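Enquirer: My questions all concern the structure below.
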Amino acid sequence: MNDHISSAFNADLADLNTLTVSMGGMTIAQLVGVLDALRHNPDSIDTLIKNDRNIDNLEAEINTKVVEIIASRAPVAKDLRVVLTSLKIAQMLERIGDFACSIGKRSRQFNNDQAVMDLQENLNEMSDLAISMLIDVVDALKHSDVGKALSVWQGDINLDMHYHAIYKAIITKMDEGEIPASTGTQLIISIKNLERIGDYTTGIDEQVYFRINGEDIEGRRPKKSTA
């Protein structure tokens with residue numbers, strides 16, 4: 001490969017990485033915005049939900065870029081890993097954006113419910129942890145930081161523990177009649193969405209690790225079992 005082609009190829013890979021990191025930043029903003037709106041300004045939820053199309057559009061742009069690179073550059077080895085992991089990471093970020101929207105839509109059911117507000121501190125802790133994990137993995141992607149990616153991957157169990165604790169508290173309040181079944185159901189789905197955001201975030205960690213090291217993370221991700 002001559003210098004001109006090599007430089008153009010490197011530029012393509014750099015552009016692809018920039019798009020992926022930008023999508024990560026957009027997804028962080030979406031999740032932060034939705035969760036902040038639930039706490040302070042529920043009226044802004046509708047606008048945030050509409051913004052999800054921007055994440056979808058960026059995923060489509062990444063998909064197109066990946067196809068172009070494969071067709072024109074025939075990447076191999078590490079270059080191929082960059083291309084393929086970008087595709088997978090974009091898919092996971094899109095799903096995280098979808099989960100954020102789902103939380104926003106369901107929040108209308110339990111907004112200002114006193115029994116739900118009694119759980120607010122625990123909900124905030126779980127929300128903040130999910131945001132922190134996503135911020136860290138996007139930073140790991142941007143800086144090719146294997147250590148940070150592995151740390152987030154190992155720490156997902158903390159989000160699982162929050163999920164199971166809140167789940168049990170919701171069930172108790174439903175059993176005692178403090179939360180209507182319909183509200184409790186929507187709340188359980190919402191915290192499950194947060195837990196799934198954690199799962200997809202750790203999936204991105206695995207892609208970052210594979211991109212850099214060319215191998216999967218050894219062992220199984222620490223996971224709390226059942227509620």
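We name chains A, B, ... following the order of the structure tokens; residues begin at 1 in each chain, and ligands are numbered from 1 as shown.
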If you take only C-alpha atoms and a cut-off of 10 Å, which residues of segment 81-200 of chain A touch segment 47-59 of chain A, and what are their nearest atom pairs and distances in Å to one decimal, in chain and number order, as CSV?
Expert:
```
residue,atom,partner,partner_atom,distance
A:Ser86,CA,A:Glu59,CA,9.9
A:Leu87,CA,A:Glu59,CA,8.3
A:Ile89,CA,A:Glu59,CA,9.4
A:Ala90,CA,A:Glu59,CA,5.6
A:Gln91,CA,A:Glu59,CA,7.0
A:Met92,CA,A:Glu59,CA,9.8
A:Leu93,CA,A:Ile55,CA,8.2
A:Glu94,CA,A:Asp56,CA,6.3
A:Arg95,CA,A:Asp56,CA,9.4
A:Ile96,CA,A:Ile55,CA,9.9
A:Gly97,CA,A:Asp52,CA,6.4
A:Asp98,CA,A:Asp52,CA,7.3
A:Ala100,CA,A:Ile49,CA,8.3
A:Cys101,CA,A:Ile49,CA,5.4
A:Ser102,CA,A:Ile49,CA,8.6
A:Ile103,CA,A:Ile49,CA,9.8
A:Gly104,CA,A:Ile49,CA,7.2
A:Lys105,CA,A:Ile49,CA,7.9
```
Enquirer: Can you write out the residues you just picked, keeping all heavy atoms, as a compact mmCIF listing (two decimals), in the first residue's frame?
Expert:
```txt
# COMPACT_ATOMS: atom_id res chain seq x y z
N SER A 86 -16.59 -0.92 15.53
CA SER A 86 -17.34 0.34 15.40
C SER A 86 -18.79 0.06 15.05
O SER A 86 -19.71 0.71 15.58
CB SER A 86 -16.70 1.23 14.32
OG SER A 86 -15.41 1.64 14.69
N LEU A 87 -19.00 -0.91 14.16
CA LEU A 87 -20.36 -1.29 13.77
C LEU A 87 -21.14 -1.81 14.96
O LEU A 87 -22.29 -1.41 15.21
CB LEU A 87 -20.29 -2.34 12.67
CG LEU A 87 -21.60 -2.79 12.04
CD1 LEU A 87 -22.26 -1.64 11.30
CD2 LEU A 87 -21.36 -3.96 11.09
N ILE A 89 -20.47 -1.39 18.22
CA ILE A 89 -20.62 -0.36 19.25
C ILE A 89 -21.76 0.58 18.89
O ILE A 89 -22.56 0.97 19.74
CB ILE A 89 -19.30 0.41 19.44
CG1 ILE A 89 -18.26 -0.49 20.13
CG2 ILE A 89 -19.52 1.68 20.25
CD1 ILE A 89 -16.85 0.07 20.12
N ALA A 90 -21.85 0.95 17.61
CA ALA A 90 -22.94 1.83 17.17
C ALA A 90 -24.30 1.18 17.41
O ALA A 90 -25.26 1.84 17.84
CB ALA A 90 -22.77 2.17 15.69
N GLN A 91 -24.40 -0.11 17.16
CA GLN A 91 -25.66 -0.83 17.40
C GLN A 91 -26.03 -0.80 18.89
O GLN A 91 -27.19 -0.60 19.25
CB GLN A 91 -25.53 -2.27 16.92
CG GLN A 91 -25.42 -2.42 15.41
CD GLN A 91 -25.06 -3.83 14.98
OE1 GLN A 91 -24.63 -4.66 15.79
NE2 GLN A 91 -25.23 -4.13 13.70
N MET A 92 -25.03 -0.98 19.74
CA MET A 92 -25.29 -0.98 21.18
C MET A 92 -25.66 0.41 21.68
O MET A 92 -26.56 0.56 22.53
CB MET A 92 -24.06 -1.50 21.93
CG MET A 92 -23.77 -2.96 21.66
SD MET A 92 -22.26 -3.52 22.50
CE MET A 92 -22.11 -5.18 21.80
N LEU A 93 -25.02 1.43 21.15
CA LEU A 93 -25.37 2.80 21.55
C LEU A 93 -26.79 3.14 21.12
O LEU A 93 -27.52 3.82 21.85
CB LEU A 93 -24.38 3.78 20.92
CG LEU A 93 -22.96 3.78 21.52
CD1 LEU A 93 -22.02 4.63 20.67
CD2 LEU A 93 -22.97 4.30 22.96
N GLU A 94 -27.17 2.66 19.95
CA GLU A 94 -28.55 2.90 19.48
C GLU A 94 -29.56 2.26 20.42
O GLU A 94 -30.59 2.85 20.73
CB GLU A 94 -28.70 2.36 18.06
CG GLU A 94 -29.99 2.77 17.35
CD GLU A 94 -31.16 1.86 17.68
OE1 GLU A 94 -30.92 0.69 18.04
OE2 GLU A 94 -32.32 2.32 17.57
N ARG A 95 -29.26 1.06 20.90
CA ARG A 95 -30.16 0.38 21.83
C ARG A 95 -30.22 1.14 23.16
O ARG A 95 -31.29 1.24 23.77
CB ARG A 95 -29.67 -1.05 22.06
CG ARG A 95 -29.84 -1.96 20.88
CD ARG A 95 -31.31 -2.12 20.48
NE ARG A 95 -32.08 -2.78 21.52
CZ ARG A 95 -33.27 -2.38 21.96
NH1 ARG A 95 -33.82 -1.29 21.45
NH2 ARG A 95 -33.92 -3.05 22.89
N ILE A 96 -29.08 1.66 23.61
CA ILE A 96 -29.08 2.44 24.85
C ILE A 96 -29.97 3.66 24.70
O ILE A 96 -30.74 4.02 25.61
CB ILE A 96 -27.65 2.84 25.24
CG1 ILE A 96 -26.85 1.60 25.68
CG2 ILE A 96 -27.65 3.89 26.36
CD1 ILE A 96 -25.37 1.85 25.91
N GLY A 97 -29.89 4.31 23.53
CA GLY A 97 -30.78 5.45 23.27
C GLY A 97 -32.24 5.04 23.30
O GLY A 97 -33.09 5.78 23.83
N ASP A 98 -32.55 3.87 22.77
CA ASP A 98 -33.93 3.37 22.81
C ASP A 98 -34.40 3.13 24.24
O ASP A 98 -35.54 3.44 24.60
CB ASP A 98 -34.04 2.06 22.02
CG ASP A 98 -33.96 2.27 20.51
OD1 ASP A 98 -34.10 3.42 20.06
OD2 ASP A 98 -33.77 1.28 19.79
N ALA A 100 -33.33 4.63 26.90
CA ALA A 100 -33.52 5.94 27.53
C ALA A 100 -34.89 6.51 27.16
O ALA A 100 -35.61 7.04 28.01
CB ALA A 100 -32.41 6.90 27.10
N CYS A 101 -35.26 6.38 25.89
CA CYS A 101 -36.58 6.86 25.45
C CYS A 101 -37.70 6.09 26.13
O CYS A 101 -38.73 6.67 26.51
CB CYS A 101 -36.71 6.72 23.94
SG CYS A 101 -35.81 7.95 23.02
N SER A 102 -37.53 4.79 26.28
CA SER A 102 -38.54 3.97 26.94
C SER A 102 -38.75 4.43 28.37
O SER A 102 -39.90 4.51 28.85
CB SER A 102 -38.11 2.50 26.90
OG SER A 102 -39.03 1.69 27.63
N ILE A 103 -37.67 4.73 29.06
CA ILE A 103 -37.78 5.23 30.43
C ILE A 103 -38.58 6.53 30.45
O ILE A 103 -39.45 6.74 31.29
CB ILE A 103 -36.39 5.43 31.05
CG1 ILE A 103 -35.68 4.09 31.23
CG2 ILE A 103 -36.50 6.15 32.40
CD1 ILE A 103 -34.22 4.20 31.61
N GLY A 104 -38.26 7.41 29.51
CA GLY A 104 -38.96 8.69 29.44
C GLY A 104 -40.45 8.53 29.20
O GLY A 104 -41.28 9.18 29.85
N LYS A 105 -40.81 7.64 28.28
CA LYS A 105 -42.23 7.43 27.96
C LYS A 105 -42.98 6.86 29.16
O LYS A 105 -44.12 7.25 29.44
CB LYS A 105 -42.35 6.49 26.77
CG LYS A 105 -41.87 7.08 25.45
CD LYS A 105 -41.87 6.04 24.34
CE LYS A 105 -41.34 6.61 23.04
NZ LYS A 105 -41.27 5.59 21.96
```
Enquirer: Considering only C-alpha atoms, return as a list in words whatever protein or nucleic-acid residues lie within 8 Å of Leu187 of chain A, sequence-local ones (same chain, fewer than 2 positions apart) excluded.
Expert: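 Those residues are Arg106, Ser107, Phe110, Ile170, Thr183, Gly184, Thr185, Ile189, Ser190 and Ile191 of chain A.
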Enquirer: What would the file look like if the residues just selected were written as a compact mmCIF listing (two decimals), in the first residue's frame with all heavy atoms?
Expert:
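selection_17.txt was written with the following content:
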```
# COMPACT_ATOMS: atom_id res chain seq x y z
N ARG A 106 -42.38 5.92 29.85
CA ARG A 106 -43.04 5.26 30.97
C ARG A 106 -43.12 6.16 32.20
O ARG A 106 -43.97 5.95 33.07
CB ARG A 106 -42.32 3.96 31.32
CG ARG A 106 -42.38 2.95 30.20
CD ARG A 106 -41.67 1.65 30.53
NE ARG A 106 -41.59 0.80 29.34
CZ ARG A 106 -42.60 0.09 28.86
NH1 ARG A 106 -43.76 0.12 29.48
NH2 ARG A 106 -42.47 -0.64 27.77
N SER A 107 -42.26 7.16 32.26
CA SER A 107 -42.22 8.03 33.44
C SER A 107 -43.52 8.79 33.65
O SER A 107 -43.84 9.19 34.77
CB SER A 107 -41.06 9.02 33.32
OG SER A 107 -41.32 9.96 32.29
N PHE A 110 -45.75 7.35 36.43
CA PHE A 110 -45.47 7.41 37.87
C PHE A 110 -44.93 8.75 38.33
O PHE A 110 -44.51 8.90 39.48
CB PHE A 110 -44.50 6.30 38.28
CG PHE A 110 -43.26 6.19 37.45
CD1 PHE A 110 -42.20 7.06 37.63
CD2 PHE A 110 -43.15 5.19 36.48
CE1 PHE A 110 -41.05 6.94 36.88
CE2 PHE A 110 -42.00 5.07 35.72
CZ PHE A 110 -40.95 5.94 35.92
N ILE A 170 -40.05 -2.14 45.24
CA ILE A 170 -41.26 -1.87 44.46
C ILE A 170 -42.29 -2.97 44.70
O ILE A 170 -43.48 -2.69 44.92
CB ILE A 170 -40.94 -1.76 42.97
CG1 ILE A 170 -40.05 -0.55 42.70
CG2 ILE A 170 -42.23 -1.65 42.14
CD1 ILE A 170 -39.46 -0.52 41.29
N THR A 183 -48.72 1.31 37.98
CA THR A 183 -47.55 2.17 38.20
C THR A 183 -46.32 1.35 38.52
O THR A 183 -45.23 1.60 38.00
CB THR A 183 -47.83 3.16 39.35
OG1 THR A 183 -48.96 3.96 39.03
CG2 THR A 183 -46.63 4.05 39.61
N GLY A 184 -46.49 0.36 39.39
CA GLY A 184 -45.37 -0.50 39.77
C GLY A 184 -44.78 -1.23 38.58
O GLY A 184 -43.56 -1.37 38.45
N THR A 185 -45.66 -1.68 37.68
CA THR A 185 -45.20 -2.39 36.49
C THR A 185 -44.35 -1.50 35.61
O THR A 185 -43.27 -1.90 35.13
CB THR A 185 -46.40 -2.93 35.70
OG1 THR A 185 -47.14 -3.85 36.50
CG2 THR A 185 -45.92 -3.65 34.43
N ILE A 189 -40.30 -1.92 34.76
CA ILE A 189 -39.77 -1.95 33.40
C ILE A 189 -38.70 -0.86 33.23
O ILE A 189 -37.68 -1.08 32.57
CB ILE A 189 -40.90 -1.77 32.37
CG1 ILE A 189 -41.84 -2.98 32.41
CG2 ILE A 189 -40.33 -1.58 30.96
CD1 ILE A 189 -43.08 -2.83 31.55
N SER A 190 -38.92 0.29 33.86
CA SER A 190 -37.96 1.40 33.74
C SER A 190 -36.63 1.05 34.37
O SER A 190 -35.56 1.30 33.79
CB SER A 190 -38.54 2.66 34.39
OG SER A 190 -39.66 3.12 33.66
N ILE A 191 -36.65 0.45 35.57
CA ILE A 191 -35.36 0.10 36.19
C ILE A 191 -34.71 -1.06 35.47
O ILE A 191 -33.48 -1.17 35.44
CB ILE A 191 -35.50 -0.18 37.71
CG1 ILE A 191 -36.39 -1.40 37.97
CG2 ILE A 191 -36.01 1.05 38.44
CD1 ILE A 191 -36.35 -1.87 39.43
```
Enquirer: Show me, as a list in words, the residues that have an atom within 12 Å of Arg39 of chain A when counting only C-alpha atoms, minus same-chain residues fewer than 6 positions from it.
Expert: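 Non-adjacent residues within range: Val32, Gly33, Ile45, Gly104, Ser107, Phe110, Asn111, Asn112, Val116, Met117, Gln120, Glu121, Leu123, Asn124, Ser127 and Asp128 of chain A.
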Enquirer: Output N, CA, C and O atoms for every residue in the selection just made, as an mmCIF file, in the first residue's frame.
Expert:
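Written out: out00.cif:
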```cif
data_model
loop_
_atom_site.group_PDB
_atom_site.id
_atom_site.type_symbol
_atom_site.label_atom_id
_atom_site.label_comp_id
_atom_site.auth_asym_id
_atom_site.auth_seq_id
_atom_site.Cartn_x
_atom_site.Cartn_y
_atom_site.Cartn_z
ATOM 1 N N VAL A 32 -28.580 11.314 30.045
ATOM 2 C CA VAL A 32 -28.526 12.332 31.097
ATOM 3 C C VAL A 32 -29.756 13.222 31.029
ATOM 4 O O VAL A 32 -30.374 13.529 32.054
ATOM 5 N N GLY A 33 -30.123 13.623 29.818
ATOM 6 C CA GLY A 33 -31.275 14.511 29.659
ATOM 7 C C GLY A 33 -32.566 13.884 30.130
ATOM 8 O O GLY A 33 -33.359 14.522 30.832
ATOM 9 N N ILE A 45 -39.524 15.886 28.452
ATOM 10 C CA ILE A 45 -39.366 14.497 28.011
ATOM 11 C C ILE A 45 -39.703 14.332 26.536
ATOM 12 O O ILE A 45 -38.990 13.646 25.782
ATOM 13 N N GLY A 104 -38.259 7.414 29.505
ATOM 14 C CA GLY A 104 -38.959 8.693 29.441
ATOM 15 C C GLY A 104 -40.452 8.531 29.197
ATOM 16 O O GLY A 104 -41.282 9.183 29.850
ATOM 17 N N SER A 107 -42.258 7.160 32.260
ATOM 18 C CA SER A 107 -42.220 8.026 33.444
ATOM 19 C C SER A 107 -43.521 8.788 33.646
ATOM 20 O O SER A 107 -43.841 9.191 34.773
ATOM 21 N N PHE A 110 -45.747 7.346 36.432
ATOM 22 C CA PHE A 110 -45.474 7.411 37.866
ATOM 23 C C PHE A 110 -44.932 8.750 38.332
ATOM 24 O O PHE A 110 -44.506 8.896 39.476
ATOM 25 N N ASN A 111 -44.938 9.751 37.475
ATOM 26 C CA ASN A 111 -44.440 11.059 37.876
ATOM 27 C C ASN A 111 -45.292 11.646 39.005
ATOM 28 O O ASN A 111 -46.517 11.616 38.974
ATOM 29 N N ASN A 112 -44.619 12.155 40.043
ATOM 30 C CA ASN A 112 -45.254 12.796 41.209
ATOM 31 C C ASN A 112 -46.003 11.824 42.108
ATOM 32 O O ASN A 112 -46.723 12.252 43.008
ATOM 33 N N VAL A 116 -43.525 6.482 44.794
ATOM 34 C CA VAL A 116 -42.363 6.428 43.908
ATOM 35 C C VAL A 116 -41.312 7.430 44.367
ATOM 36 O O VAL A 116 -40.107 7.143 44.376
ATOM 37 N N MET A 117 -41.777 8.610 44.811
ATOM 38 C CA MET A 117 -40.850 9.632 45.284
ATOM 39 C C MET A 117 -40.082 9.154 46.514
ATOM 40 O O MET A 117 -38.933 9.559 46.732
ATOM 41 N N GLN A 120 -36.954 7.711 45.465
ATOM 42 C CA GLN A 120 -36.193 8.565 44.559
ATOM 43 C C GLN A 120 -34.689 8.505 44.797
ATOM 44 O O GLN A 120 -33.894 8.495 43.847
ATOM 45 N N GLU A 121 -34.282 8.475 46.056
ATOM 46 C CA GLU A 121 -32.847 8.453 46.342
ATOM 47 C C GLU A 121 -32.191 7.212 45.736
ATOM 48 O O GLU A 121 -31.123 7.296 45.109
ATOM 49 N N LEU A 123 -33.395 5.423 43.254
ATOM 50 C CA LEU A 123 -33.484 5.546 41.801
ATOM 51 C C LEU A 123 -32.392 6.468 41.262
ATOM 52 O O LEU A 123 -31.790 6.192 40.216
ATOM 53 N N ASN A 124 -32.142 7.557 41.984
ATOM 54 C CA ASN A 124 -31.092 8.494 41.565
ATOM 55 C C ASN A 124 -29.718 7.828 41.582
ATOM 56 O O ASN A 124 -28.900 8.044 40.689
ATOM 57 N N SER A 127 -29.495 5.562 38.609
ATOM 58 C CA SER A 127 -29.389 6.371 37.391
ATOM 59 C C SER A 127 -27.995 6.961 37.243
ATOM 60 O O SER A 127 -27.392 6.919 36.157
ATOM 61 N N ASP A 128 -27.466 7.512 38.334
ATOM 62 C CA ASP A 128 -26.134 8.123 38.288
ATOM 63 C C ASP A 128 -25.066 7.086 37.958
ATOM 64 O O ASP A 128 -24.098 7.385 37.241
#
```
Enquirer: Name the residues in contact with Ser144 of chain A at a cut-off of 12 Å, using only C-alpha atoms, excluding same-chain residues fewer than 6 positions from it; report them as a PyMOL selection string.
Expert: chain A and resi 17+21+82+136-138+150+205+207-213
Enquirer: Would you compute the distance between atom CA of Gln114 of chain A and atom CA of His162 of chain A? Give it in Å to one decimal.
Expert: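 Taking atom CA of Gln114 of chain A as the start and atom CA of His162 of chain A as the end point, the length is 20.3 Å.
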Enquirer: May I ask for the distance between atom CA of Phe99 of chain A and atom CA of Ile197 of chain A, given in Å to one decimal place?
Expert: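 Going from atom CA of Phe99 of chain A over to atom CA of Ile197 of chain A covers 6.9 Å.
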Enquirer: One decimal, in Å: what's the spacing between atom CA of Lys168 of chain A and atom CA of Arg108 of chain A?
Expert: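 Atom-to-atom, atom CA of Lys168 of chain A and atom CA of Arg108 of chain A are spaced 21.8 Å apart.
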Enquirer: Give me the residues near segment 9-12 of chain A as number ranges by chain, where near means some atom within 9 Å (using only C-alpha atoms) and where sequence neighbours in that chain fewer than 3 positions away do not count.
Expert: A: 4-6, 15-17, 65, 69, 73, 75
Enquirer: Keeping only N, CA, C and O atoms, write those residues as an mmCIF file, in the first residue's frame.
Expert:
```cif
data_model
loop_
_atom_site.group_PDB
_atom_site.id
_atom_site.type_symbol
_atom_site.label_atom_id
_atom_site.label_comp_id
_atom_site.auth_asym_id
_atom_site.auth_seq_id
_atom_site.Cartn_x
_atom_site.Cartn_y
_atom_site.Cartn_z
ATOM 1 N N HIS A 4 0.130 7.365 -0.156
ATOM 2 C CA HIS A 4 -1.119 8.106 -0.395
ATOM 3 C C HIS A 4 -2.330 7.277 0.032
ATOM 4 O O HIS A 4 -3.224 7.767 0.726
ATOM 5 N N ILE A 5 -2.330 6.008 -0.396
ATOM 6 C CA ILE A 5 -3.447 5.127 -0.039
ATOM 7 C C ILE A 5 -3.474 4.893 1.461
ATOM 8 O O ILE A 5 -4.531 4.896 2.101
ATOM 9 N N SER A 6 -2.285 4.692 2.057
ATOM 10 C CA SER A 6 -2.193 4.458 3.495
ATOM 11 C C SER A 6 -2.732 5.648 4.273
ATOM 12 O O SER A 6 -3.468 5.481 5.256
ATOM 13 N N ASP A 15 -11.923 8.972 10.833
ATOM 14 C CA ASP A 15 -13.277 9.513 10.681
ATOM 15 C C ASP A 15 -14.314 8.575 11.306
ATOM 16 O O ASP A 15 -15.259 9.021 11.964
ATOM 17 N N LEU A 16 -14.127 7.280 11.098
ATOM 18 C CA LEU A 16 -15.047 6.297 11.653
ATOM 19 C C LEU A 16 -15.018 6.339 13.171
ATOM 20 O O LEU A 16 -16.070 6.308 13.824
ATOM 21 N N ASN A 17 -13.832 6.433 13.726
ATOM 22 C CA ASN A 17 -13.719 6.491 15.183
ATOM 23 C C ASN A 17 -14.344 7.771 15.725
ATOM 24 O O ASN A 17 -15.005 7.758 16.776
ATOM 25 N N LYS A 65 -20.433 4.242 6.475
ATOM 26 C CA LYS A 65 -18.975 4.410 6.476
ATOM 27 C C LYS A 65 -18.273 3.056 6.560
ATOM 28 O O LYS A 65 -17.259 2.827 5.883
ATOM 29 N N ILE A 69 -15.650 1.506 3.795
ATOM 30 C CA ILE A 69 -14.272 1.134 4.133
ATOM 31 C C ILE A 69 -13.998 -0.317 3.737
ATOM 32 O O ILE A 69 -12.944 -0.630 3.164
ATOM 33 N N ARG A 73 -11.269 -0.576 1.015
ATOM 34 C CA ARG A 73 -9.957 -0.745 1.650
ATOM 35 C C ARG A 73 -9.616 -2.190 1.994
ATOM 36 O O ARG A 73 -8.452 -2.496 2.246
ATOM 37 N N PRO A 75 -9.915 -4.015 4.769
ATOM 38 C CA PRO A 75 -9.063 -4.002 5.966
ATOM 39 C C PRO A 75 -8.808 -5.396 6.521
ATOM 40 O O PRO A 75 -9.631 -6.307 6.360
#
```
Enquirer: Quick one: everything within 12 Å of Asp160 of chain A, counting only C-alpha atoms, minus sequence neighbours fewer than 5 positions away in the same chain. Send it as a VMD selection string.
Expert: chain A and resid 126 to 127 129 to 130 154 to 155 165 to 167 191 to 199 221 to 227
Enquirer: How would you write, as a PyMOL selection string, the set of residues in segment 119-224 of chain A that DSSP gives as helix (DSSP H, G or I)?
Expert: chain A and resi 120-143+146-175+181-213
Enquirer: How would the residues just picked look written out with C-alpha atoms as a compact mmCIF listing (two decimals), in the first residue's frame?
Expert:
```txt
# COMPACT_ATOMS: atom_id res chain seq x y z
CA GLN A 120 -36.19 8.56 44.56
CA GLU A 121 -32.85 8.45 46.34
CA ASN A 122 -32.31 4.83 45.34
CA LEU A 123 -33.48 5.55 41.80
CA ASN A 124 -31.09 8.49 41.57
CA GLU A 125 -28.18 6.35 42.71
CA MET A 126 -28.93 3.72 40.08
CA SER A 127 -29.39 6.37 37.39
CA ASP A 128 -26.13 8.12 38.29
CA LEU A 129 -24.26 4.82 38.20
CA ALA A 130 -25.62 3.97 34.74
CA ILE A 131 -24.60 7.41 33.46
CA SER A 132 -21.14 7.11 35.00
CA MET A 133 -20.58 3.73 33.38
CA LEU A 134 -21.60 5.03 29.96
CA ILE A 135 -19.39 8.12 30.27
CA ASP A 136 -16.42 5.97 31.26
CA VAL A 137 -16.83 3.49 28.41
CA VAL A 138 -17.10 6.25 25.81
CA ASP A 139 -13.95 7.77 27.30
CA ALA A 140 -12.26 4.36 27.12
CA LEU A 141 -13.28 4.14 23.47
CA LYS A 142 -12.00 7.62 22.68
CA HIS A 143 -8.61 7.07 24.34
CA VAL A 146 -8.21 -0.89 28.12
CA GLY A 147 -7.89 -0.46 31.90
CA LYS A 148 -10.92 1.81 32.12
CA ALA A 149 -12.96 -0.47 29.86
CA LEU A 150 -12.13 -3.47 32.03
CA SER A 151 -12.95 -1.55 35.22
CA VAL A 152 -16.44 -0.66 33.94
CA TRP A 153 -16.98 -4.24 32.79
CA GLN A 154 -16.14 -5.57 36.23
CA GLY A 155 -18.25 -2.94 38.00
CA ASP A 156 -21.55 -3.75 36.27
CA ILE A 157 -22.46 -5.97 39.22
CA ASN A 158 -22.99 -2.80 41.28
CA LEU A 159 -25.74 -1.70 38.90
CA ASP A 160 -27.28 -5.17 39.14
CA MET A 161 -27.32 -4.89 42.93
CA HIS A 162 -29.14 -1.56 42.75
CA TYR A 163 -31.65 -3.06 40.34
CA HIS A 164 -32.47 -6.02 42.57
CA ALA A 165 -32.76 -3.86 45.69
CA ILE A 166 -35.16 -1.41 44.04
CA TYR A 167 -37.10 -4.23 42.40
CA LYS A 168 -37.74 -5.81 45.81
CA ALA A 169 -38.76 -2.43 47.28
CA ILE A 170 -41.26 -1.87 44.46
CA ILE A 171 -42.77 -5.34 44.88
CA THR A 172 -43.14 -4.73 48.62
CA LYS A 173 -44.91 -1.40 48.05
CA MET A 174 -47.19 -3.03 45.49
CA ASP A 175 -48.04 -5.86 47.92
CA ALA A 181 -50.03 -2.41 40.02
CA SER A 182 -50.00 -0.37 36.80
CA THR A 183 -47.55 2.17 38.20
CA GLY A 184 -45.37 -0.50 39.77
CA THR A 185 -45.20 -2.39 36.49
CA GLN A 186 -44.05 0.66 34.56
CA LEU A 187 -41.49 1.44 37.25
CA ILE A 188 -40.11 -2.10 37.19
CA ILE A 189 -39.77 -1.95 33.40
CA SER A 190 -37.96 1.40 33.74
CA ILE A 191 -35.36 0.10 36.19
CA LYS A 192 -34.98 -2.98 34.04
CA ASN A 193 -34.20 -0.65 31.15
CA LEU A 194 -31.49 0.96 33.29
CA GLU A 195 -30.09 -2.46 34.08
CA ARG A 196 -30.08 -3.31 30.37
CA ILE A 197 -28.27 -0.05 29.65
CA GLY A 198 -25.58 -1.36 31.98
CA ASP A 199 -25.47 -4.64 30.05
CA TYR A 200 -25.06 -2.87 26.72
CA THR A 201 -22.43 -0.58 28.23
CA THR A 202 -20.39 -3.59 29.31
CA GLY A 203 -20.92 -5.01 25.83
CA ILE A 204 -19.20 -1.89 24.50
CA ASP A 205 -16.40 -2.49 27.02
CA GLU A 206 -15.90 -5.93 25.50
CA GLN A 207 -15.70 -4.46 22.01
CA VAL A 208 -13.14 -1.86 23.11
CA TYR A 209 -11.05 -4.57 24.76
CA PHE A 210 -11.24 -6.79 21.67
CA ARG A 211 -10.42 -3.90 19.34
CA ILE A 212 -7.18 -3.17 21.19
CA ASN A 213 -6.05 -6.63 22.31
```
